[in-house]
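Written out below as structure tokens is the structure these notes cover.
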Amino acid sequence: MTIAAPRIAIVGAGPAGIYAADILLGRVPNASIDLFEKLPAPYGLVRYGVAPDHPRIRKITDALHEVLVNPRIRLRCNVEIGRDVEIDELRAAYDGVIVATGADLDVALDIPGIDLPGSFGAADFVAWYDGHPDAPRTWPLAAESVAVLGAGNVALDVTRILARHASTLTHTDTPDAVLDQLAASPLRDVHLFARRGPADVRFSAMELRELAEQEDVDVIVDPDELALDAHAERMVAQFSQRRIIVRTMTEWAALDPASRTASRRIHLHLRQRPVRLLGTDTVTGIEMERTASDELGRMVGTGELLRYDVGAVYRAVGYRSTPVPGMPFDAALGVVPHVEGRVIDADGAPIPRLYATGWIKRGPVGLIGSTKSDAAQTIGHVVDDLESVEREARDDDPIAHLAHAVDLDGWLRIDAAERGAGAERGRERTKIVERDEMLTHAKQEQMMETGR
Amino acid sequence: MTYVIALPCVDVKDKACIDECPVDCIYEGERSLYIHPDECVDCGACEPVCPVEAIFYEDDLPDEWQDYYKANVEFFDELGSPGGAAKTGMLAFDHPIIAALAPQGDHA
């Protein structure tokens, strides 16, 4: 290796960045890593994307914490690229800069009415119920009937959080203000729409099943929408997970309608795609078109239109990344242009010492764990380049001036404050939402020290 | 509730799942991989990457492989909860159900 003790910057302390740090230290044990995070707290999507009623998946934070306490990693939260430090400054001061800022915005859905009040993106709703510091503090939950568009696990999360009785969330880390607003929701019906047939949805089998495991919530499926065409028959024969998903839906469709007496209902609609949102000043309904699969399994419209009266529409049709200042960005794909994690310029040439991993690299696909194998690919190239590329002198430590950064101890003080607030209520944690409050907790000890 | 590794893994051990597991709860035995039932967080990342479709959510185990739930649980009877497969490395034993199997697949 040409560099005796490489210094690496990772931007983004979500699962992508933390797994990248772990894998890098496995390959290059004498590397030192500065891990930057925009928010005052680490863990990205695991803290601010995983639904609060999925406490087991939240436990991934325990595994991520194990990595963060490695003394070769310096955590620097509350540091934003473009505001506090530039990508080029990092490239000048480090032997590699790995950008892992994820995907936090909703993909646009270009249909008439989508900008009406009452039309929401799932990413914004998730940020609200997960207590993201930058999310709105109130959420309009006035509708008795709502539509959710999407056939992935985020659509299931949104549907579940809307349909759940808030009393079943009190043991979670959900902020009180969120619980209070959910408790006041008059909701009776959620219409969940998948554009394609039962064998082509992207739900995880287990998370789909969870819809029906909630207290006083019925899941209703129209048996006619479950009919398997030739394409679906092939998919079901070939893939066990799709078989399980179809079986689950078939069981729901077979239930006696007279037994469906819950106060809230989830209507799972298949083979319907959105045409337009209805309403003049606010959403009052949605028009859908029934779809079918052609012999190759491609979705085609049938021209049959259906209308549903709903007071809100949530689209969960995918995430996209926020561009990182000073870094190339492919706006059409919503990702950073790269070859196996090496970021490339407009001519396709790799930009020295600049890498990407996670959702900003490959788009918002896969489960949290998928980001680990993805990081292994990027780190493979980082290590190759460290071994082969000559490096001119690097700049001095660029983060010395970042006095407002929250380090590992600062985060652990926020963490302790959240656990303390949770313990008072007999739960593991209550999330602190306000950025200022988080930063106050982070600095608590330092302030006490200065005061002495 | 947990994910379970069944018969198709035996004598294959592709290990693609290990690269995906966010909590490193998939342990390697002599002839099969095993999911730690207490360490697994039910995220489901392992299931779609298994090239031989050996991984199932507990409720979805095919009838003929129901025993593999027990095999995955009991494999850890002596080990307890090591808190990550990287800490143990390969374990030179198998659950008796798997140890008793004839050699599987192309390796036979």
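Every chain in the structure tokens has a letter given in the order shown (A, B, ...), and although residue numbers restart at 1 in each chain, ligands are simply numbered from 1 in the order shown.
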Expected answer as a VMD selection string: chain B residues within 12 Å of chain A, only C-alpha atoms: chain B and resid 1 to 3 15 to 25 37 to 62 83 to 86
Write a file of the just-selected residues containing N, CA and C atoms, as a short mmCIF file (atom, residue, chain, number, x, y, z; two decimals), in the first residue's frame.
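Result saved to part-v5.cif:
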```cif
data_model
loop_
_atom_site.label_atom_id
_atom_site.label_comp_id
_atom_site.auth_asym_id
_atom_site.auth_seq_id
_atom_site.Cartn_x
_atom_site.Cartn_y
_atom_site.Cartn_z
N MET B 1 -40.59 -15.46 16.55
CA MET B 1 -40.73 -15.43 15.09
C MET B 1 -39.38 -15.12 14.45
N THR B 2 -39.08 -15.84 13.40
CA THR B 2 -37.75 -15.66 12.81
C THR B 2 -37.72 -16.30 11.42
N TYR B 3 -36.67 -16.02 10.70
CA TYR B 3 -36.42 -16.72 9.45
C TYR B 3 -35.65 -18.01 9.74
N LYS B 15 -23.76 -18.75 1.00
CA LYS B 15 -23.37 -17.64 1.88
C LYS B 15 -23.71 -16.25 1.36
N ALA B 16 -24.43 -16.14 0.27
CA ALA B 16 -24.86 -14.81 -0.18
C ALA B 16 -25.65 -14.13 0.93
N CYS B 17 -26.39 -14.92 1.69
CA CYS B 17 -27.21 -14.37 2.78
C CYS B 17 -26.36 -13.69 3.84
N ILE B 18 -25.17 -14.24 4.08
CA ILE B 18 -24.31 -13.69 5.14
C ILE B 18 -23.90 -12.26 4.78
N ASP B 19 -23.64 -12.03 3.48
CA ASP B 19 -23.27 -10.67 3.05
C ASP B 19 -24.42 -9.68 3.20
N GLU B 20 -25.64 -10.18 3.23
CA GLU B 20 -26.80 -9.28 3.30
C GLU B 20 -27.25 -9.01 4.73
N CYS B 21 -26.94 -9.94 5.64
CA CYS B 21 -27.56 -9.85 6.97
C CYS B 21 -27.05 -8.62 7.72
N PRO B 22 -27.96 -7.69 8.09
CA PRO B 22 -27.50 -6.45 8.72
C PRO B 22 -27.05 -6.64 10.16
N VAL B 23 -27.37 -7.77 10.76
CA VAL B 23 -26.97 -7.98 12.16
C VAL B 23 -26.06 -9.19 12.34
N ASP B 24 -25.59 -9.75 11.23
CA ASP B 24 -24.61 -10.84 11.26
C ASP B 24 -25.11 -12.03 12.11
N CYS B 25 -26.37 -12.41 11.88
CA CYS B 25 -26.96 -13.47 12.71
C CYS B 25 -27.02 -14.81 11.99
N PRO B 37 -32.25 -17.46 16.08
CA PRO B 37 -33.64 -17.00 16.23
C PRO B 37 -33.78 -15.76 17.11
N ASP B 38 -32.87 -15.54 18.05
CA ASP B 38 -32.99 -14.36 18.91
C ASP B 38 -32.26 -13.15 18.33
N GLU B 39 -31.24 -13.41 17.55
CA GLU B 39 -30.48 -12.28 16.99
C GLU B 39 -31.10 -11.76 15.69
N CYS B 40 -31.85 -12.62 15.00
CA CYS B 40 -32.51 -12.21 13.75
C CYS B 40 -33.52 -11.10 14.06
N VAL B 41 -33.54 -10.06 13.19
CA VAL B 41 -34.48 -8.95 13.41
C VAL B 41 -35.64 -9.00 12.42
N ASP B 42 -35.79 -10.10 11.70
CA ASP B 42 -36.91 -10.28 10.77
C ASP B 42 -36.92 -9.28 9.62
N CYS B 43 -35.76 -8.83 9.18
CA CYS B 43 -35.77 -7.82 8.12
C CYS B 43 -36.03 -8.43 6.76
N GLY B 44 -35.70 -9.72 6.60
CA GLY B 44 -36.02 -10.40 5.34
C GLY B 44 -35.00 -10.21 4.23
N ALA B 45 -33.86 -9.56 4.53
CA ALA B 45 -32.88 -9.29 3.47
C ALA B 45 -32.27 -10.58 2.91
N CYS B 46 -32.17 -11.61 3.75
CA CYS B 46 -31.51 -12.84 3.33
C CYS B 46 -32.32 -13.64 2.33
N GLU B 47 -33.64 -13.61 2.51
CA GLU B 47 -34.49 -14.52 1.78
C GLU B 47 -34.38 -14.39 0.25
N PRO B 48 -34.51 -13.16 -0.29
CA PRO B 48 -34.48 -13.09 -1.76
C PRO B 48 -33.11 -13.36 -2.38
N VAL B 49 -32.02 -13.29 -1.61
CA VAL B 49 -30.71 -13.49 -2.23
C VAL B 49 -30.26 -14.94 -2.23
N CYS B 50 -31.00 -15.81 -1.55
CA CYS B 50 -30.59 -17.21 -1.49
C CYS B 50 -30.81 -17.87 -2.85
N PRO B 51 -29.74 -18.33 -3.50
CA PRO B 51 -29.88 -18.88 -4.86
C PRO B 51 -30.62 -20.22 -4.89
N VAL B 52 -30.72 -20.88 -3.74
CA VAL B 52 -31.40 -22.18 -3.73
C VAL B 52 -32.73 -22.11 -2.96
N GLU B 53 -33.20 -20.89 -2.67
CA GLU B 53 -34.47 -20.69 -1.96
C GLU B 53 -34.58 -21.57 -0.72
N ALA B 54 -33.55 -21.49 0.10
CA ALA B 54 -33.54 -22.29 1.33
C ALA B 54 -34.12 -21.53 2.52
N ILE B 55 -34.33 -20.22 2.38
CA ILE B 55 -34.70 -19.41 3.55
C ILE B 55 -36.19 -19.09 3.52
N PHE B 56 -36.83 -19.34 4.65
CA PHE B 56 -38.27 -19.10 4.76
C PHE B 56 -38.57 -18.39 6.07
N TYR B 57 -39.59 -17.55 6.03
CA TYR B 57 -40.11 -17.07 7.29
C TYR B 57 -40.77 -18.27 7.98
N GLU B 58 -40.57 -18.33 9.26
CA GLU B 58 -41.04 -19.47 10.06
C GLU B 58 -42.43 -19.98 9.66
N ASP B 59 -43.40 -19.06 9.53
CA ASP B 59 -44.77 -19.47 9.20
C ASP B 59 -44.88 -20.08 7.80
N ASP B 60 -43.91 -19.81 6.96
CA ASP B 60 -44.00 -20.20 5.56
C ASP B 60 -43.19 -21.44 5.23
N LEU B 61 -42.59 -22.06 6.24
CA LEU B 61 -41.80 -23.27 5.97
C LEU B 61 -42.69 -24.32 5.33
N PRO B 62 -42.26 -24.89 4.20
CA PRO B 62 -43.04 -25.99 3.61
C PRO B 62 -43.17 -27.14 4.61
N GLY B 83 -23.79 -12.92 19.58
CA GLY B 83 -23.86 -11.51 19.17
C GLY B 83 -23.12 -11.22 17.88
N GLY B 84 -23.13 -12.20 16.97
CA GLY B 84 -22.52 -11.96 15.66
C GLY B 84 -21.68 -13.15 15.21
N ALA B 85 -21.94 -13.60 13.98
CA ALA B 85 -21.26 -14.79 13.48
C ALA B 85 -19.77 -14.55 13.28
N ALA B 86 -19.38 -13.28 13.05
CA ALA B 86 -17.96 -12.99 12.85
C ALA B 86 -17.16 -13.37 14.09
#
```
Contacts of Arg83 of chain A at 12 Å (only C-alpha atoms; same-chain gap of 5+ positions) as a PyMOL selection string: chain A and resi 38+78+324-326+402
Residues of chain B in strand (DSSP E), written as a count of residues only: 12
Residues near Arg427 of chain A, cut-off 10 Å, only C-alpha atoms, skip fewer than 3 positions along chain, as a list in words: Thr170, His171, Thr172, Asp173, Arg419, Gly420, Ala421, Gly422, Ala423, Glu424 and Thr430 of chain A
Using only C-alpha atoms, please write the residues we just selected to a file, as a PDB file, in the first residue's frame.
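Generated output (selection-v7.pdb):
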```pdb
ATOM      1  CA  THR A 170     -47.939   3.773  22.798  1.00  0.00           C
ATOM      2  CA  HIS A 171     -45.195   1.290  23.725  1.00  0.00           C
ATOM      3  CA  THR A 172     -43.027   2.400  20.770  1.00  0.00           C
ATOM      4  CA  ASP A 173     -40.582   5.308  20.515  1.00  0.00           C
ATOM      5  CA  ARG A 419     -33.910   6.262  26.883  1.00  0.00           C
ATOM      6  CA  GLY A 420     -34.485   8.173  30.102  1.00  0.00           C
ATOM      7  CA  ALA A 421     -37.615   9.806  28.716  1.00  0.00           C
ATOM      8  CA  GLY A 422     -38.797   6.388  27.542  1.00  0.00           C
ATOM      9  CA  ALA A 423     -38.130   4.724  30.899  1.00  0.00           C
ATOM     10  CA  GLU A 424     -40.418   7.230  32.623  1.00  0.00           C
ATOM     11  CA  THR A 430     -39.045   8.313  23.395  1.00  0.00           C
TER      12      THR A 430
END
```
Between atom CA of Lys87 of chain B and atom CA of Glu28 of chain B - distance in Å to one decimal: 11.4 Å
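Counting from atom CA of Leu109 of chain A, the distance to atom CA of Ala122 of chain A is 11.7 Å.
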Non-local contacts of Leu75 of chain A (12 Å; only C-alpha atoms; under 5 positions in same chain excluded) as a PyMOL selection string: chain A and resi 9-14+17-18+21+32-43+65+67-70+399+405-412
Would you put the residues from that selection into a file with C-alpha atoms, as a compact mmCIF listing (two decimals), in the first residue's frame?
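Output file part.txt is given in full below:
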```txt
# COMPACT_ATOMS: atom_id res chain seq x y z
CA ALA A 9 -14.20 10.35 4.96
CA ILE A 10 -17.65 8.81 4.81
CA VAL A 11 -20.60 11.13 4.31
CA GLY A 12 -23.84 9.82 5.81
CA ALA A 13 -24.09 7.78 9.02
CA GLY A 14 -26.98 5.59 7.95
CA GLY A 17 -22.14 4.59 5.56
CA ILE A 18 -21.73 2.56 8.73
CA ALA A 21 -16.90 1.88 7.58
CA SER A 32 -8.94 6.02 10.25
CA ILE A 33 -12.41 7.16 9.33
CA ASP A 34 -14.29 10.41 9.81
CA LEU A 35 -18.00 9.69 9.51
CA PHE A 36 -20.12 12.77 8.77
CA GLU A 37 -23.86 13.04 9.29
CA LYS A 38 -26.20 15.92 8.50
CA LEU A 39 -28.57 15.23 11.41
CA PRO A 40 -27.61 15.36 15.09
CA ALA A 41 -28.20 11.58 15.32
CA PRO A 42 -26.79 8.67 13.30
CA TYR A 43 -28.55 5.60 11.79
CA HIS A 65 -23.69 1.02 17.33
CA VAL A 67 -19.39 -0.39 14.59
CA LEU A 68 -19.56 3.24 15.72
CA VAL A 69 -17.73 2.57 18.99
CA ASN A 70 -14.64 1.45 17.07
CA ILE A 399 -12.79 19.09 10.56
CA ALA A 405 -20.29 18.84 15.33
CA VAL A 406 -21.85 16.17 17.54
CA ASP A 407 -19.35 13.41 18.24
CA LEU A 408 -19.99 9.89 19.49
CA ASP A 409 -20.19 11.01 23.12
CA GLY A 410 -22.62 13.76 22.13
CA TRP A 411 -24.84 11.26 20.35
CA LEU A 412 -24.68 8.90 23.32
```
Every residue of segment 14-52 of chain B that DSSP places in alpha helix (DSSP H), as a list in words: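 Reading the DSSP output for segment 14-52 of chain B, alpha helix (DSSP H) covers Ala16, Cys17, Ile18, Asp19, Glu20, Cys46, Glu47, Pro48 and Val49 of chain B.
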Go ahead and dump the residues you just picked, C-alpha atoms, as a CSV table (one decimal), in the first residue's frame.
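Result file is selection.csv:
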```csv
chain,number,residue,atom,x,y,z
B,16,ALA,CA,-24.9,-14.8,-0.2
B,17,CYS,CA,-27.2,-14.4,2.8
B,18,ILE,CA,-24.3,-13.7,5.1
B,19,ASP,CA,-23.3,-10.7,3.0
B,20,GLU,CA,-26.8,-9.3,3.3
B,46,CYS,CA,-31.5,-12.8,3.3
B,47,GLU,CA,-34.5,-14.5,1.8
B,48,PRO,CA,-34.5,-13.1,-1.8
B,49,VAL,CA,-30.7,-13.5,-2.2
```
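Residues lying within 9 Å of segment 359-362 of chain A, counting only C-alpha atoms and ignoring same-chain neighbours fewer than 2 positions away, are Ala16, Val99, Ala100, Thr101, Gly102, Ala103, Arg320, Ser321, Thr322, Pro323, Gly334, Val335, Val336, Pro337, His338, Glu340, Gly341, Val343, Tyr355, Ala356, Thr357, Pro364, Val365, Thr371 and Asp374 of chain A.
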Next, dump the selected residues to file, keeping only N, CA and C atoms, as a CSV table (one decimal), in the first residue's frame.
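Written file, selection07.csv:
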```csv
chain,number,residue,atom,x,y,z
A,16,ALA,N,-25.8,2.5,5.1
A,16,ALA,CA,-24.8,2.4,4.0
A,16,ALA,C,-23.5,2.9,4.5
A,99,VAL,N,-19.5,8.7,-0.4
A,99,VAL,CA,-20.7,9.4,-0.1
A,99,VAL,C,-21.8,8.4,0.0
A,100,ALA,N,-22.6,8.4,1.1
A,100,ALA,CA,-23.6,7.4,1.4
A,100,ALA,C,-24.8,8.2,2.0
A,101,THR,N,-25.3,9.1,1.3
A,101,THR,CA,-26.4,10.0,1.8
A,101,THR,C,-27.8,9.5,1.6
A,102,GLY,N,-27.9,8.4,0.9
A,102,GLY,CA,-29.2,7.7,0.8
A,102,GLY,C,-30.2,8.4,-0.1
A,103,ALA,N,-31.5,8.1,0.1
A,103,ALA,CA,-32.5,8.7,-0.7
A,103,ALA,C,-33.7,9.1,0.2
A,320,ARG,N,-36.2,9.0,-4.1
A,320,ARG,CA,-35.0,9.5,-4.9
A,320,ARG,C,-34.1,10.2,-4.0
A,321,SER,N,-32.9,10.4,-4.5
A,321,SER,CA,-31.8,11.0,-3.6
A,321,SER,C,-31.8,12.5,-3.8
A,322,THR,N,-31.4,13.2,-2.8
A,322,THR,CA,-31.1,14.7,-2.9
A,322,THR,C,-29.7,14.8,-3.4
A,323,PRO,N,-29.5,15.6,-4.4
A,323,PRO,CA,-28.1,15.8,-4.9
A,323,PRO,C,-27.2,16.3,-3.8
A,334,GLY,N,-31.9,9.9,-10.6
A,334,GLY,CA,-31.9,10.3,-9.2
A,334,GLY,C,-30.8,9.6,-8.4
A,335,VAL,N,-29.6,9.4,-9.0
A,335,VAL,CA,-28.5,8.8,-8.3
A,335,VAL,C,-27.2,9.5,-8.8
A,336,VAL,N,-26.1,9.1,-8.1
A,336,VAL,CA,-24.8,9.6,-8.5
A,336,VAL,C,-24.3,8.8,-9.7
A,337,PRO,N,-23.7,9.3,-10.7
A,337,PRO,CA,-23.2,8.5,-11.8
A,337,PRO,C,-21.9,7.8,-11.3
A,338,HIS,N,-21.8,6.5,-11.5
A,338,HIS,CA,-20.6,5.8,-10.9
A,338,HIS,C,-20.4,4.5,-11.7
A,340,GLU,N,-19.4,0.9,-10.4
A,340,GLU,CA,-19.2,0.0,-9.3
A,340,GLU,C,-18.8,0.8,-8.0
A,341,GLY,N,-19.3,2.0,-7.9
A,341,GLY,CA,-19.0,2.8,-6.7
A,341,GLY,C,-18.0,3.9,-6.9
A,343,VAL,N,-17.2,7.2,-8.4
A,343,VAL,CA,-18.0,8.3,-9.0
A,343,VAL,C,-17.3,8.8,-10.3
A,355,TYR,N,-16.2,8.3,-4.1
A,355,TYR,CA,-16.9,7.0,-4.2
A,355,TYR,C,-18.4,7.2,-3.7
A,356,ALA,N,-19.2,6.3,-4.0
A,356,ALA,CA,-20.6,6.3,-3.5
A,356,ALA,C,-21.0,4.9,-3.1
A,357,THR,N,-21.9,4.8,-2.2
A,357,THR,CA,-22.4,3.5,-1.8
A,357,THR,C,-23.9,3.7,-1.2
A,364,PRO,N,-33.1,3.4,-4.7
A,364,PRO,CA,-33.8,3.0,-3.5
A,364,PRO,C,-34.4,1.6,-3.7
A,365,VAL,N,-33.5,0.6,-3.8
A,365,VAL,CA,-34.0,-0.8,-3.9
A,365,VAL,C,-33.4,-1.7,-2.9
A,371,THR,N,-27.7,-3.2,1.5
A,371,THR,CA,-26.7,-2.1,1.5
A,371,THR,C,-25.3,-2.6,1.9
A,374,ASP,N,-23.6,-4.2,-1.0
A,374,ASP,CA,-23.3,-3.1,-1.9
A,374,ASP,C,-22.1,-2.3,-1.4
```
Selection near Asp11 of chain B, 7 Å with only C-alpha atoms, sequence-local residues under 3 positions removed, as a PyMOL selection string: chain B and resi 31-32+103-104
Distance criterion (only C-alpha atoms): nearest to Glu74 of chain B out of B:Gly105, B:His36, B:Ala100, B:Gly89: B:His36
